[in-house]
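Reading through the structure tokens given below for one structure.
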Amino acid sequence: MDARDKIRSIFEKTRTIAVYGMSRDTAKAAHWVPEYLAGKDYAIIPVNPAADTILGRKSYPDLKSVPGRIDVVQVFRRSGEALEPVKEAVARKKERGDVSVVWLQQGIRNEEARRLAEENGILFVQDRCMYHEHRMLNPEDG
């Protein structure tokens, strides 16, 4: 499966996205990218220990605290900080079996995180923007 097919499959087969590092600041991509995805009928779960709610949704301090199902963990952290959310995603997959994708936003790369995710059967995308990828696959949404 090439990268484009992999990304298409992620958007088609997943509905619930936990946004690790989601921001309350509407000017930041860590806010408006998940807001866009929420408008496309994806269930967005903010993960930010410094916020009680974002976009009117309860925010959780970590992935372990999220009570419902998670399909995708979208990461908005610096590259050097990207390993921790992947460790949490792997632990959650082992405990609950629900995380199938980890997606590091555009500009975020971490090879150790990639290896860990892939070794544990989690699809891994890095250095790509979910907003831009969704728009490229769905140009009629523009």
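Each chain in the structure tokens gets a letter, A, B and so on, in the order shown; residues start at 1 in every chain, and ligands are counted from 1 in the order they appear.
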Mind checking which residues fall within 8 Å of segment 81-91 of chain A, counting only C-alpha atoms, ignoring those fewer than 2 positions away in the same chain, and posting them as an MDAnalysis selection string? chainID A and resid 20 62:64 73 75 77:79 93:95 99 102 104 108:110 112:113 116:117 120 122
Please produce a file of those selected residues containing C-alpha atoms, as a PDB file, in the first residue's frame.
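File produced: result-v2.pdb:
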```pdb
ATOM      1  CA  TYR A  20      -2.538  14.936  21.885  1.00  0.00           C
ATOM      2  CA  ASP A  62      -3.404  11.681  28.867  1.00  0.00           C
ATOM      3  CA  LEU A  63      -4.561   8.844  26.613  1.00  0.00           C
ATOM      4  CA  LYS A  64      -5.099   6.451  29.527  1.00  0.00           C
ATOM      5  CA  VAL A  73      -3.821   9.565  18.043  1.00  0.00           C
ATOM      6  CA  VAL A  75       0.152  14.379  17.874  1.00  0.00           C
ATOM      7  CA  ARG A  77       4.115  18.007  20.206  1.00  0.00           C
ATOM      8  CA  ARG A  78       7.687  18.897  19.299  1.00  0.00           C
ATOM      9  CA  SER A  79       9.610  16.126  17.543  1.00  0.00           C
ATOM     10  CA  LYS A  93      -3.465  -0.643  22.355  1.00  0.00           C
ATOM     11  CA  LYS A  94      -2.133  -3.426  24.589  1.00  0.00           C
ATOM     12  CA  GLU A  95      -4.737  -2.723  27.299  1.00  0.00           C
ATOM     13  CA  VAL A  99      -5.486   2.602  18.825  1.00  0.00           C
ATOM     14  CA  VAL A 102      -0.534   7.426  15.315  1.00  0.00           C
ATOM     15  CA  LEU A 104       2.494  13.138  13.848  1.00  0.00           C
ATOM     16  CA  ILE A 108       7.002  16.530  13.561  1.00  0.00           C
ATOM     17  CA  ARG A 109       9.323  13.562  13.004  1.00  0.00           C
ATOM     18  CA  ASN A 110      10.603  10.954  15.427  1.00  0.00           C
ATOM     19  CA  GLU A 112      12.181   6.061  17.592  1.00  0.00           C
ATOM     20  CA  ALA A 113       8.442   6.745  17.887  1.00  0.00           C
ATOM     21  CA  LEU A 116       7.857   1.681  18.510  1.00  0.00           C
ATOM     22  CA  ALA A 117       4.469   2.189  16.856  1.00  0.00           C
ATOM     23  CA  ASN A 120       3.356  -2.830  18.009  1.00  0.00           C
ATOM     24  CA  ILE A 122       0.145   0.646  14.835  1.00  0.00           C
TER      25      ILE A 122
END
```
Skipping near chain neighbours, those fewer than 4 positions away, what residues fall within 8 Å of Ile70 of chain A using only C-alpha atoms, listed as a PyMOL selection string? chain A and resi 16-18+98-99
DSSP strand (DSSP E) selection over segment 20-97 of chain A, as a PyMOL selection string: chain A and resi 20+43-47+53-54+57-58+72-75
Separation of atom CA of Asp52 of chain A and atom CA of Ser23 of chain A, in Å? 11.3 Å
Contacts of segment 55-59 of chain A at 12 Å or less, counting only C-alpha atoms, minus same-chain residues fewer than 2 places along, as a PyMOL selection string? chain A and resi 18-26+30-39+43-53+61-63+65-67
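Going from atom CA of Glu12 of chain A to atom CA of Leu123 of chain A covers 14.1 Å.
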How far is it from atom CA of Leu137 of chain A to atom CA of Ile54 of chain A, in Å with one decimal? 26.8 Å
Which is closest to Phe124 of chain A among A:Met136, A:Ala27, A:Val101, A:Ala3, if we use only C-alpha atoms? A:Val101
Could you pull out all residues of segment 3-96 of chain A with a DSSP call of alpha helix (DSSP H) and give them as a ChimeraX atom specification? /A:3-13,29-38,83-96
Point out the residue among A:Thr14, A:Lys6, A:Glu140, A:Gly121 with the least atom-to-atom distance to Asp41 of chain A, counting only C-alpha atoms. A:Thr14
So that I can check the surroundings of Trp103 of chain A, please list as a PyMOL selection string every protein, DNA and RNA residue that reaches within 6 Å of it, counting only C-alpha atoms and ignoring chain neighbours fewer than 5 positions away. chain A and resi 74+124-126
Requested write-out: N, CA and C atoms of the selected residues, as a tab-separated table (two decimals), in the first residue's frame:
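Contents of again-v5.tsv, freshly written:
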```
chain	number	residue	atom	x	y	z
A	74	GLN	N	-3.59	11.77	17.09
A	74	GLN	CA	-2.97	12.84	16.32
A	74	GLN	C	-2.09	13.63	17.29
A	124	PHE	N	1.66	4.27	11.25
A	124	PHE	CA	2.35	5.47	11.68
A	124	PHE	C	2.50	6.43	10.50
A	125	VAL	N	2.11	7.67	10.72
A	125	VAL	CA	2.27	8.73	9.73
A	125	VAL	C	3.02	9.86	10.44
A	126	GLN	N	4.01	10.43	9.78
A	126	GLN	CA	4.71	11.56	10.39
A	126	GLN	C	4.97	12.66	9.36
```
